[in-house]
file upload.txt (compact mmCIF, C-alpha atoms)
# COMPACT_ATOMS: atom_id res chain seq x y z
CA MET A 1 1.19 -12.15 21.67
CA THR A 2 -2.52 -12.93 22.09
CA GLY A 3 -5.39 -10.87 20.79
CA HIS A 4 -7.36 -8.58 23.05
CA PRO A 5 -10.64 -10.28 24.10
CA GLY A 6 -12.65 -7.28 22.89
CA TRP A 7 -12.09 -8.21 19.24
CA ARG A 8 -15.00 -10.42 18.21
CA ASP A 9 -13.86 -11.82 14.85
CA ARG A 10 -10.73 -13.66 15.87
CA ARG A 11 -9.95 -15.61 12.70
CA LEU A 12 -6.98 -13.46 11.72
CA LEU A 13 -5.79 -12.69 15.24
CA ASP A 14 -5.70 -16.34 16.31
CA ARG A 15 -3.99 -17.42 13.07
CA LEU A 16 -1.39 -14.65 13.00
CA GLY A 17 -0.80 -13.93 16.68
CA ALA A 18 -1.43 -10.19 16.66
CA ALA A 19 -3.04 -8.40 19.58
CA HIS A 20 -5.05 -6.05 17.37
CA PRO A 21 -6.59 -6.40 13.88
CA ILE A 22 -4.59 -3.50 12.48
CA ILE A 23 -2.15 -3.88 9.59
CA ALA A 24 0.28 -1.07 8.81
CA ALA A 25 0.05 -0.95 5.03
CA PRO A 26 3.11 -1.85 2.92
CA MET A 27 3.72 1.47 1.20
CA ALA A 28 6.60 1.25 -1.27
CA GLY A 29 8.98 4.16 -0.80
CA ALA A 30 7.29 5.23 2.45
CA ALA A 31 7.29 2.24 4.82
CA GLY A 32 10.31 0.33 6.01
CA VAL A 33 11.95 -1.39 8.94
CA GLU A 34 11.24 1.25 11.61
CA LEU A 35 7.57 1.60 10.71
CA ALA A 36 7.10 -2.17 10.70
CA ILE A 37 8.76 -2.49 14.09
CA GLY A 38 6.57 0.23 15.57
CA ALA A 39 3.36 -1.38 14.32
CA ILE A 40 4.39 -4.79 15.67
CA GLU A 41 5.39 -3.36 19.04
CA GLY A 42 2.00 -1.65 19.20
CA GLY A 43 0.24 -5.00 18.87
CA GLY A 44 -0.55 -4.76 15.17
CA ILE A 45 0.92 -6.31 12.04
CA GLY A 46 3.99 -4.72 10.47
CA SER A 47 4.65 -4.72 6.75
CA LEU A 48 7.70 -4.45 4.54
CA PRO A 49 7.05 -3.25 0.98
CA CYS A 50 9.29 -5.35 -1.24
CA ALA A 51 8.28 -4.19 -4.73
CA LEU A 52 11.27 -1.85 -5.04
CA LEU A 53 13.78 -4.16 -3.31
CA ASP A 54 16.08 -6.90 -4.49
CA PRO A 55 16.01 -10.26 -2.67
CA GLU A 56 19.15 -9.54 -0.63
CA THR A 57 17.72 -6.27 0.66
CA VAL A 58 14.52 -8.10 1.60
CA ARG A 59 16.60 -10.56 3.61
CA GLU A 60 18.44 -7.71 5.35
CA GLN A 61 15.26 -5.85 6.24
CA VAL A 62 13.52 -8.95 7.58
CA ALA A 63 16.57 -9.67 9.76
CA ALA A 64 16.53 -6.08 11.05
CA VAL A 65 12.86 -6.35 12.04
CA ARG A 66 13.27 -9.77 13.62
CA ALA A 67 16.24 -8.59 15.69
CA ARG A 68 14.06 -6.03 17.46
CA ALA A 69 10.42 -7.09 17.27
CA GLN A 70 8.61 -10.37 17.75
CA GLY A 71 5.22 -10.43 16.10
CA PRO A 72 3.52 -10.94 12.75
CA LEU A 73 5.35 -9.50 9.75
CA ASN A 74 3.92 -9.09 6.25
CA LEU A 75 6.06 -9.04 3.10
CA ASN A 76 4.31 -7.38 0.17
CA PHE A 77 5.00 -7.94 -3.53
CA PHE A 78 3.57 -6.73 -6.84
CA CYS A 79 2.19 -9.09 -9.50
CA HIS A 80 1.69 -6.65 -12.35
CA ASN A 81 2.17 -7.62 -15.98
CA LEU A 82 5.31 -5.91 -17.24
CA PRO A 83 4.68 -4.87 -20.87
CA PRO A 84 7.49 -4.34 -23.39
CA ALA A 85 9.25 -0.99 -23.15
CA PRO A 86 6.92 1.55 -24.79
CA ASP A 87 7.61 4.50 -27.05
CA GLU A 88 8.01 7.40 -24.60
CA SER A 89 8.40 10.16 -27.18
CA ALA A 90 4.97 11.71 -26.56
CA TRP A 91 5.50 11.59 -22.80
CA ARG A 92 8.91 13.20 -22.97
CA ALA A 93 7.61 15.86 -25.37
CA LEU A 94 4.89 16.70 -22.87
CA LEU A 95 7.54 17.04 -20.15
CA ALA A 96 9.94 19.08 -22.33
CA PRO A 97 8.92 22.46 -20.84
CA CYS A 98 9.61 21.04 -17.38
CA TYR A 99 13.09 19.87 -18.40
CA ASP A 100 13.82 23.34 -19.77
CA ALA A 101 12.49 25.12 -16.69
CA TRP A 102 14.52 22.98 -14.31
CA GLY A 103 17.67 22.77 -16.42
CA VAL A 104 17.74 18.99 -16.55
CA ALA A 105 17.73 16.44 -19.36
CA PRO A 106 15.66 13.28 -19.79
CA PRO A 107 17.46 10.24 -18.34
CA GLU A 108 19.72 8.38 -20.75
CA THR A 109 19.60 5.26 -18.59
CA PRO A 110 16.25 4.61 -16.91
CA PRO A 111 16.22 3.64 -13.22
CA PRO A 112 15.37 0.04 -12.28
CA LEU A 113 11.74 -0.86 -12.87
CA ARG A 114 9.31 -2.24 -10.32
CA ARG A 115 9.48 -5.88 -11.32
CA PRO A 116 6.77 -8.41 -10.52
CA PHE A 117 7.24 -11.27 -8.05
CA ASP A 118 9.63 -13.81 -9.53
CA GLU A 119 11.68 -16.94 -8.85
CA ALA A 120 14.37 -15.07 -6.91
CA MET A 121 11.80 -13.52 -4.58
CA ALA A 122 10.03 -16.86 -4.14
CA GLU A 123 13.35 -18.35 -3.07
CA ALA A 124 13.80 -15.55 -0.53
CA VAL A 125 10.30 -16.14 0.83
CA GLN A 126 10.94 -19.85 1.25
CA GLU A 127 14.15 -19.07 3.08
CA LEU A 128 12.72 -16.34 5.33
CA ARG A 129 9.38 -18.02 6.06
CA PRO A 130 7.50 -14.80 6.86
CA ASP A 131 4.21 -14.92 8.74
CA ILE A 132 2.34 -13.24 5.90
CA VAL A 133 2.92 -12.62 2.20
CA SER A 134 0.57 -10.17 0.49
CA PHE A 135 0.24 -9.37 -3.19
CA HIS A 136 -0.92 -6.32 -5.14
CA PHE A 137 -2.27 -6.53 -8.72
CA GLY A 138 -3.48 -10.10 -8.34
CA LEU A 139 -1.54 -13.23 -7.42
CA PRO A 140 1.58 -14.79 -9.00
CA ASP A 141 1.38 -17.80 -11.28
CA GLU A 142 0.56 -21.19 -9.78
CA THR A 143 4.17 -22.36 -9.49
CA LEU A 144 5.29 -19.26 -7.61
CA LEU A 145 2.17 -19.17 -5.45
CA ASP A 146 2.69 -22.82 -4.51
CA ARG A 147 6.22 -22.02 -3.36
CA VAL A 148 4.92 -19.21 -1.17
CA LYS A 149 2.29 -21.47 0.35
CA ARG A 150 4.85 -24.21 1.01
CA SER A 151 6.84 -21.68 3.04
CA GLY A 152 3.95 -21.65 5.51
CA ALA A 153 3.06 -18.02 4.80
CA PHE A 154 -0.48 -16.75 5.19
CA VAL A 155 -1.36 -15.36 1.74
CA ILE A 156 -3.34 -12.15 1.30
CA GLY A 157 -4.62 -10.79 -2.01
CA ASN A 158 -6.01 -7.35 -2.85
CA ALA A 159 -9.43 -6.88 -4.47
CA THR A 160 -11.15 -3.74 -5.77
CA SER A 161 -14.33 -5.56 -6.83
CA VAL A 162 -16.41 -8.58 -5.90
CA ALA A 163 -15.21 -10.33 -9.06
CA GLU A 164 -11.59 -9.85 -8.02
CA ALA A 165 -12.35 -11.09 -4.51
CA ARG A 166 -13.92 -14.25 -5.90
CA ARG A 167 -10.94 -14.80 -8.21
CA LEU A 168 -8.52 -14.48 -5.28
CA ALA A 169 -10.62 -16.89 -3.22
CA GLU A 170 -10.69 -19.42 -6.05
CA ARG A 171 -6.91 -19.25 -6.36
CA GLY A 172 -6.33 -19.96 -2.69
CA ALA A 173 -5.82 -16.64 -0.92
CA ASP A 174 -6.14 -17.08 2.85
CA ALA A 175 -7.56 -13.58 3.33
CA ILE A 176 -8.70 -10.82 0.99
CA ILE A 177 -8.23 -7.07 1.19
CA ALA A 178 -11.24 -5.06 0.05
CA GLN A 179 -9.58 -1.90 -1.25
CA GLY A 180 -11.94 1.02 -1.64
CA TYR A 181 -11.63 3.91 -4.06
CA GLU A 182 -10.64 6.16 -1.13
CA ALA A 183 -7.31 4.40 -0.66
CA GLY A 184 -4.04 6.21 -1.20
CA GLY A 185 -1.40 4.93 -3.60
CA HIS A 186 -1.98 2.49 -6.44
CA THR A 187 -5.32 0.82 -6.89
CA GLY A 188 -4.76 -2.92 -6.96
CA ARG A 189 -7.22 -3.61 -9.78
CA PHE A 190 -6.12 -6.62 -11.83
CA LEU A 191 -9.20 -7.73 -13.78
CA PRO A 192 -10.21 -5.72 -16.85
CA GLY A 193 -13.44 -3.81 -16.98
CA GLY A 194 -15.75 -3.78 -14.01
CA GLY A 195 -16.77 -0.12 -14.23
CA ASP A 196 -15.83 2.52 -11.69
CA LEU A 197 -14.03 1.55 -8.53
CA LEU A 198 -16.27 1.29 -5.47
CA GLY A 199 -15.91 3.14 -2.20
CA LEU A 200 -14.95 0.93 0.72
CA PHE A 201 -18.27 0.91 2.55
CA ALA A 202 -20.10 -0.16 -0.61
CA LEU A 203 -17.45 -2.75 -1.52
CA LEU A 204 -16.71 -4.24 1.90
CA PRO A 205 -20.07 -5.87 2.78
CA GLN A 206 -20.39 -7.23 -0.75
CA VAL A 207 -16.97 -8.87 -0.54
CA ALA A 208 -17.69 -10.19 2.96
CA ASP A 209 -20.86 -11.81 1.61
CA ALA A 210 -19.13 -13.21 -1.48
CA VAL A 211 -16.19 -15.09 0.07
CA GLU A 212 -15.58 -17.33 3.06
CA GLN A 213 -12.10 -16.01 3.78
CA PRO A 214 -11.51 -13.23 6.32
CA VAL A 215 -11.77 -9.79 4.72
CA ILE A 216 -9.42 -6.89 5.46
CA ALA A 217 -10.79 -3.39 4.88
CA ALA A 218 -8.56 -0.77 3.26
CA GLY A 219 -9.20 2.75 2.05
CA GLY A 220 -10.27 5.88 3.90
CA ILE A 221 -9.67 4.46 7.39
CA ALA A 222 -7.52 6.68 9.60
CA ASP A 223 -9.19 6.70 13.00
CA ALA A 224 -11.14 4.52 15.43
CA ARG A 225 -14.49 5.47 13.92
CA GLY A 226 -13.43 4.08 10.56
CA ILE A 227 -12.03 0.90 12.09
CA ALA A 228 -15.18 0.24 14.13
CA ALA A 229 -17.39 0.86 11.10
CA ALA A 230 -15.33 -1.50 8.94
CA LEU A 231 -15.50 -4.26 11.55
CA ARG A 232 -19.28 -3.86 11.78
CA LEU A 233 -19.55 -4.14 7.99
CA GLY A 234 -17.84 -7.52 7.94
CA ALA A 235 -14.10 -6.88 8.10
CA SER A 236 -11.93 -9.12 10.25
CA ALA A 237 -9.16 -6.50 10.24
CA VAL A 238 -8.19 -3.21 8.66
CA GLN A 239 -5.15 -2.16 6.65
CA ILE A 240 -4.18 1.46 7.25
CA GLY A 241 -1.70 3.39 5.14
CA THR A 242 -2.14 7.15 5.10
CA ALA A 243 -2.41 7.48 8.89
CA TYR A 244 1.02 5.83 9.18
CA LEU A 245 2.53 8.22 6.63
CA ALA A 246 2.44 10.94 9.28
CA CYS A 247 4.52 8.83 11.69
CA PRO A 248 8.11 10.01 12.18
CA GLU A 249 9.29 6.54 11.07
CA SER A 250 7.84 6.88 7.57
CA LEU A 251 10.33 7.49 4.76
CA ILE A 252 8.39 10.11 2.79
CA ALA A 253 10.22 13.15 1.42
CA PRO A 254 9.97 16.43 3.37
CA PRO A 255 7.61 18.06 0.82
CA HIS A 256 5.28 15.07 1.13
CA ARG A 257 5.31 15.30 4.93
CA ALA A 258 4.66 19.04 4.80
CA ALA A 259 1.72 18.53 2.44
CA LEU A 260 0.14 16.01 4.82
CA GLY A 261 -0.06 18.74 7.45
CA SER A 262 -1.58 21.30 5.07
CA ASP A 263 -4.82 21.91 3.23
CA LYS A 264 -3.45 19.75 0.39
CA ALA A 265 -4.26 16.69 2.51
CA GLY A 266 -7.92 17.14 1.67
CA GLU A 267 -7.34 17.48 -2.08
CA THR A 268 -6.38 14.03 -3.28
CA VAL A 269 -6.95 12.88 -6.86
CA MET A 270 -6.48 9.76 -8.94
CA THR A 271 -3.53 10.25 -11.27
CA ASN A 272 -1.43 8.25 -13.72
CA LEU A 273 1.34 10.84 -14.12
CA PHE A 274 3.93 9.39 -11.77
CA THR A 275 4.08 5.71 -12.75
CA GLY A 276 1.53 5.19 -15.52
CA GLY A 277 -0.73 3.32 -13.11
CA ARG A 278 -3.72 4.92 -11.44
CA ALA A 279 -2.96 5.97 -7.88
CA ARG A 280 -4.39 8.43 -5.38
CA GLY A 281 -2.25 11.27 -4.11
CA MET A 282 -2.21 14.93 -3.15
CA ARG A 283 -2.09 17.59 -5.83
CA ASN A 284 1.24 19.19 -6.74
CA ALA A 285 2.66 21.32 -9.55
CA LEU A 286 2.82 18.49 -12.08
CA ILE A 287 -0.82 17.54 -11.54
CA ASP A 288 -1.91 21.18 -11.62
CA ASP A 289 -0.03 21.81 -14.88
CA LEU A 290 -0.93 18.67 -16.82
CA GLY A 291 -4.13 17.50 -15.17
CA PRO A 292 -4.23 14.25 -13.16
CA LEU A 293 -4.70 11.84 -16.08
CA ARG A 294 -2.83 11.92 -19.40
CA ALA A 295 -2.94 9.50 -22.30
CA GLU A 296 0.70 10.34 -23.07
CA ALA A 297 1.91 8.70 -19.84
CA PRO A 298 3.43 5.28 -20.62
CA PRO A 299 1.86 2.23 -18.95
CA TYR A 300 2.81 1.21 -15.42
CA PRO A 301 5.57 1.33 -14.30
CA TYR A 302 7.37 3.08 -17.17
CA ALA A 303 6.16 6.67 -16.69
CA ALA A 304 8.35 7.14 -13.60
CA SER A 305 11.69 7.02 -15.40
CA ALA A 306 11.23 10.26 -17.34
CA LEU A 307 10.26 12.07 -14.14
CA ALA A 308 13.27 10.92 -12.10
CA PRO A 309 15.65 13.84 -12.89
CA LEU A 310 12.85 16.39 -12.41
CA ARG A 311 11.90 14.91 -9.05
CA ALA A 312 15.53 14.88 -7.90
CA ALA A 313 16.08 18.50 -8.92
CA ALA A 314 12.91 19.72 -7.19
CA GLU A 315 13.47 17.74 -4.00
CA LYS A 316 17.01 19.12 -3.79
CA GLN A 317 15.36 22.52 -3.40
CA GLY A 318 12.86 21.18 -0.85
CA ARG A 319 9.99 21.14 -3.34
CA GLY A 320 7.58 18.37 -4.23
CA ASP A 321 6.63 19.52 -7.74
CA PHE A 322 7.32 16.07 -9.23
CA THR A 323 7.10 13.90 -6.11
CA PRO A 324 4.26 11.37 -5.96
CA MET A 325 2.63 12.38 -2.68
CA TRP A 326 0.42 9.36 -2.19
CA ALA A 327 -2.39 9.76 0.33
CA GLY A 328 -5.94 8.54 0.80
CA GLN A 329 -9.11 10.55 1.20
CA ALA A 330 -8.91 10.36 5.01
CA ALA A 331 -5.52 12.11 5.07
CA PRO A 332 -6.79 15.10 7.12
CA LEU A 333 -7.45 12.66 9.99
CA ALA A 334 -3.80 11.52 10.21
CA ARG A 335 -1.96 12.22 13.47
CA ALA A 336 1.80 12.62 13.70
CA LEU A 337 2.37 9.93 16.34
CA PRO A 338 5.14 7.31 16.47
CA ALA A 339 4.00 4.07 14.87
CA ARG A 340 3.77 2.15 18.12
CA ALA A 341 1.79 4.89 19.83
CA LEU A 342 -0.51 5.27 16.81
CA THR A 343 -1.26 1.53 16.71
CA GLU A 344 -1.97 1.43 20.43
CA HIS A 345 -4.10 4.58 20.24
CA LEU A 346 -6.19 3.29 17.34
CA ALA A 347 -6.75 -0.05 19.07
CA ARG A 348 -7.65 1.53 22.42
CA GLU A 349 -10.14 4.00 20.93
CA THR A 350 -11.72 1.36 18.68
CA LEU A 351 -12.20 -1.04 21.58
CA ALA A 352 -13.83 1.74 23.56
CA LEU A 353 -16.27 2.37 20.71
CA ILE A 354 -17.05 -1.34 20.26
CA GLU A 355 -17.50 -2.03 23.96
CA GLY A 356 -19.53 1.16 24.43
CA ASN A 357 -21.96 0.09 21.69
CA ALA A 358 -22.19 -3.56 22.68
call {"tool": "encode", "arguments": {"input": "upload.txt", "output": "structure tokens"}}
result
Amino acid sequence: MTGHPGWRDRRLLDRLGAAHPIIAAPMAGAAGVELAIGAIEGGGIGSLPCALLDPETVREQVAAVRARAQGPLNLNFFCHNLPPAPDESAWRALLAPCYDAWGVAPPETPPPLRRPFDEAMAEAVQELRPDIVSFHFGLPDETLLDRVKRSGAFVIGNATSVAEARRLAERGADAIIAQGYEAGGHTGRFLPGGGDLLGLFALLPQVADAVEQPVIAAGGIADARGIAAALRLGASAVQIGTAYLACPESLIAPPHRAALGSDKAGETVMTNLFTGGRARGMRNALIDDLGPLRAEAPPYPYAASALAPLRAAAEKQGRGDFTPMWAGQAAPLARALPARALTEHLARETLALIEGNA
């Protein structure tokens, strides 16, 4: 597949073989095989979120995509530091009224944790040889990163600041995502300090000026106007998440899907309640009751385990009281189109804007 001639910055398109500079974001728990296939068939780049998967499941999902779609595929992994298991007594005490109200008990055995990229995943990458491997929360250590690079994969890192972008460039990332504060889901910040997170259109031109690698814009982009603006500000491509959540192929729970089509879509907040890490999502009962940020929440990713029985009980009744309903600030712009149609639509409208303003 060759890129449309209307796209002016062709560094990513020519290297990766996509028709359009649109990446369907790897959203753990929401994106999967069908969404990746749709994005690829629409001329974009499909992604498989691998942070919650074991290596064998990654192999199975890659095979499923490859059996039906030929085009660039991104495998995404997390590189967070996993701290020792914390004392969760304060967190569980805070949730005690919720356990009582829902008639459930705290979990005796916590569910599997989101584990950072490791030797087993590096082995799977070398075997699968994906077009792209992207990382959230920094990059893996030099040995693991070298194995990824030796697989031939194009490596993408995620930056929330100019300092992070420079660090990723120094460590050999082939392209860098500039993730604005507007983005849904977990912020990928990995360097300490740095002050408040920047909005995309403040961050993007600074990152584009600071590094030589192609820059991918992420955060608050859900229509052609946002894509065109990002490209004019120095992006070589965009990564879009929330707009793809509304696609029928996304794996979000029914309460999450219903909220996307309601007034809640315009009421996103940064919260640490669901995993312990800061992430943007729509308000629900838990956020309304406790407030979006609590010191009692254990560090990422431990906070999620105590919520698991509450989430299951509420979702069984069709409610999203304890469901992390991740969404970015542009959620009201999302359209419920199939992934292929959405990708084609976004590309067509963006090209019309670019060519009309040439």
call {"tool": "atom_distance", "arguments": {"input": "upload.txt", "atom1": "CA of Asn74 (chain A)", "atom2": "CA of Ala352 (chain A)"}}
result
27.1 Å
call {"tool": "residues_near_point", "arguments": {"input": "upload.txt", "point": "(2.0, 8.7, -16.4)", "cutoff": "9 Å", "atoms": "all atoms listed in the file", "output": "ChimeraX atom specification"}}
result
/A:91,271-278,292-304
call {"tool": "residues_around", "arguments": {"input": "upload.txt", "residues": "Leu144 (chain A)", "least_positions_apart": "6", "cutoff": "8 Å", "atoms": "all atoms listed in the file", "output": "list of chain:residue names"}}
result
A:Asp118, A:Glu119, A:Ala122
call {"tool": "closest_residue", "arguments": {"input": "upload.txt", "among": "A:Ala93, A:Ala173, A:Ala331, A:Ile221", "to": "Ile23 (chain A)", "atoms": "only C-alpha atoms"}}
result
A:Ile221
call {"tool": "atom_distance", "arguments": {"input": "upload.txt", "atom1": "CA of Arg340 (chain A)", "atom2": "CA of Ala39 (chain A)"}}
result
5.2 Å
call {"tool": "residues_around", "arguments": {"input": "upload.txt", "residues": "Ala334 (chain A)", "least_positions_apart": "5", "cutoff": "9 Å", "atoms": "all atoms listed in the file", "output": "ChimeraX atom specification"}}
result
/A:222-223,242-247,260-261
call {"tool": "residues_around", "arguments": {"input": "upload.txt", "residues": "region 80-89 of chain A", "least_positions_apart": "3", "cutoff": "6 Å", "atoms": "all atoms listed in the file", "output": "list in words"}}
result
Arg92, Pro116 and Phe137 of chain A
call {"tool": "residues_near_point", "arguments": {"input": "upload.txt", "point": "(16.1, 4.2, -13.7)", "cutoff": "10 Å", "atoms": "all atoms listed in the file", "output": "CSV table (one decimal) with C-alpha atoms, keeping the file's coordinate frame"}}
result
chain,number,residue,atom,x,y,z
A,107,PRO,CA,17.5,10.2,-18.3
A,108,GLU,CA,19.7,8.4,-20.8
A,109,THR,CA,19.6,5.3,-18.6
A,110,PRO,CA,16.2,4.6,-16.9
A,111,PRO,CA,16.2,3.6,-13.2
A,112,PRO,CA,15.4,0.0,-12.3
A,113,LEU,CA,11.7,-0.9,-12.9
A,114,ARG,CA,9.3,-2.2,-10.3
A,302,TYR,CA,7.4,3.1,-17.2
A,304,ALA,CA,8.4,7.1,-13.6
A,305,SER,CA,11.7,7.0,-15.4
A,306,ALA,CA,11.2,10.3,-17.3
A,307,LEU,CA,10.3,12.1,-14.1
A,308,ALA,CA,13.3,10.9,-12.1
A,309,PRO,CA,15.6,13.8,-12.9
call {"tool": "decode", "arguments": {"input": "upload.txt", "residues": "region 180-252 of chain A", "atoms": "C-alpha atoms", "output": "PDB file, in the first residue's frame"}}
result
ATOM      1  CA  GLY A 180      -1.000  16.161  25.047  1.00  0.00           C
ATOM      2  CA  TYR A 181      -2.873  16.597  28.302  1.00  0.00           C
ATOM      3  CA  GLU A 182      -6.150  16.180  26.374  1.00  0.00           C
ATOM      4  CA  ALA A 183      -5.476  12.509  25.664  1.00  0.00           C
ATOM      5  CA  GLY A 184      -7.708   9.794  27.061  1.00  0.00           C
ATOM      6  CA  GLY A 185      -6.327   6.937  29.133  1.00  0.00           C
ATOM      7  CA  HIS A 186      -3.006   6.917  30.950  1.00  0.00           C
ATOM      8  CA  THR A 187      -0.553   9.731  30.525  1.00  0.00           C
ATOM      9  CA  GLY A 188       2.750   8.261  29.410  1.00  0.00           C
ATOM     10  CA  ARG A 189       4.905  10.491  31.605  1.00  0.00           C
ATOM     11  CA  PHE A 190       8.093   8.690  32.645  1.00  0.00           C
ATOM     12  CA  LEU A 191      10.480  11.410  33.830  1.00  0.00           C
ATOM     13  CA  PRO A 192       9.935  12.911  37.284  1.00  0.00           C
ATOM     14  CA  GLY A 193       8.990  16.520  37.736  1.00  0.00           C
ATOM     15  CA  GLY A 194       8.478  18.744  34.743  1.00  0.00           C
ATOM     16  CA  GLY A 195       5.455  20.641  36.064  1.00  0.00           C
ATOM     17  CA  ASP A 196       1.969  20.373  34.634  1.00  0.00           C
ATOM     18  CA  LEU A 197       1.357  18.364  31.502  1.00  0.00           C
ATOM     19  CA  LEU A 198       1.069  20.445  28.337  1.00  0.00           C
ATOM     20  CA  GLY A 199      -1.811  20.540  25.912  1.00  0.00           C
ATOM     21  CA  LEU A 200      -1.024  19.038  22.522  1.00  0.00           C
ATOM     22  CA  PHE A 201      -0.857  22.228  20.496  1.00  0.00           C
ATOM     23  CA  ALA A 202       1.621  23.758  22.948  1.00  0.00           C
ATOM     24  CA  LEU A 203       3.671  20.558  23.194  1.00  0.00           C
ATOM     25  CA  LEU A 204       3.694  19.448  19.550  1.00  0.00           C
ATOM     26  CA  PRO A 205       5.655  22.286  17.879  1.00  0.00           C
ATOM     27  CA  GLN A 206       8.173  22.288  20.728  1.00  0.00           C
ATOM     28  CA  VAL A 207       8.802  18.561  20.303  1.00  0.00           C
ATOM     29  CA  ALA A 208       8.979  18.900  16.505  1.00  0.00           C
ATOM     30  CA  ASP A 209      11.649  21.581  16.952  1.00  0.00           C
ATOM     31  CA  ALA A 210      13.580  19.581  19.555  1.00  0.00           C
ATOM     32  CA  VAL A 211      14.083  16.250  17.753  1.00  0.00           C
ATOM     33  CA  GLU A 212      14.957  15.080  14.256  1.00  0.00           C
ATOM     34  CA  GLN A 213      12.703  12.031  14.331  1.00  0.00           C
ATOM     35  CA  PRO A 214       9.168  12.137  12.916  1.00  0.00           C
ATOM     36  CA  VAL A 215       6.642  13.261  15.529  1.00  0.00           C
ATOM     37  CA  ILE A 216       3.205  11.697  16.001  1.00  0.00           C
ATOM     38  CA  ALA A 217       0.526  13.902  17.571  1.00  0.00           C
ATOM     39  CA  ALA A 218      -1.823  12.407  20.166  1.00  0.00           C
ATOM     40  CA  GLY A 219      -4.469  13.911  22.402  1.00  0.00           C
ATOM     41  CA  GLY A 220      -7.697  15.714  21.587  1.00  0.00           C
ATOM     42  CA  ILE A 221      -7.738  14.751  17.900  1.00  0.00           C
ATOM     43  CA  ALA A 222     -11.010  13.211  16.751  1.00  0.00           C
ATOM     44  CA  ASP A 223     -11.802  14.804  13.402  1.00  0.00           C
ATOM     45  CA  ALA A 224     -10.199  16.141  10.230  1.00  0.00           C
ATOM     46  CA  ARG A 225      -9.765  19.629  11.655  1.00  0.00           C
ATOM     47  CA  GLY A 226      -7.605  18.279  14.448  1.00  0.00           C
ATOM     48  CA  ILE A 227      -5.548  16.124  12.089  1.00  0.00           C
ATOM     49  CA  ALA A 228      -4.921  18.994   9.671  1.00  0.00           C
ATOM     50  CA  ALA A 229      -3.937  21.311  12.520  1.00  0.00           C
ATOM     51  CA  ALA A 230      -1.529  18.737  13.961  1.00  0.00           C
ATOM     52  CA  LEU A 231       0.134  18.200  10.589  1.00  0.00           C
ATOM     53  CA  ARG A 232       0.572  21.959  10.156  1.00  0.00           C
ATOM     54  CA  LEU A 233       2.181  22.177  13.602  1.00  0.00           C
ATOM     55  CA  GLY A 234       4.884  19.680  12.690  1.00  0.00           C
ATOM     56  CA  ALA A 235       3.376  16.222  13.100  1.00  0.00           C
ATOM     57  CA  SER A 236       4.178  13.544  10.539  1.00  0.00           C
ATOM     58  CA  ALA A 237       1.159  11.511  11.661  1.00  0.00           C
ATOM     59  CA  VAL A 238      -1.532  11.405  14.316  1.00  0.00           C
ATOM     60  CA  GLN A 239      -2.503   8.737  16.826  1.00  0.00           C
ATOM     61  CA  ILE A 240      -6.235   8.688  17.543  1.00  0.00           C
ATOM     62  CA  GLY A 241      -7.841   6.783  20.386  1.00  0.00           C
ATOM     63  CA  THR A 242     -11.156   8.150  21.621  1.00  0.00           C
ATOM     64  CA  ALA A 243     -12.686   8.463  18.143  1.00  0.00           C
ATOM     65  CA  TYR A 244     -12.076   4.728  17.641  1.00  0.00           C
ATOM     66  CA  LEU A 245     -13.727   3.879  20.967  1.00  0.00           C
ATOM     67  CA  ALA A 246     -17.092   4.622  19.362  1.00  0.00           C
ATOM     68  CA  CYS A 247     -16.476   2.069  16.591  1.00  0.00           C
ATOM     69  CA  PRO A 248     -18.544  -1.122  16.850  1.00  0.00           C
ATOM     70  CA  GLU A 249     -15.283  -3.114  16.859  1.00  0.00           C
ATOM     71  CA  SER A 250     -14.062  -1.598  20.130  1.00  0.00           C
ATOM     72  CA  LEU A 251     -14.230  -3.841  23.196  1.00  0.00           C
ATOM     73  CA  ILE A 252     -15.499  -1.300  25.727  1.00  0.00           C
TER      74      ILE A 252
END
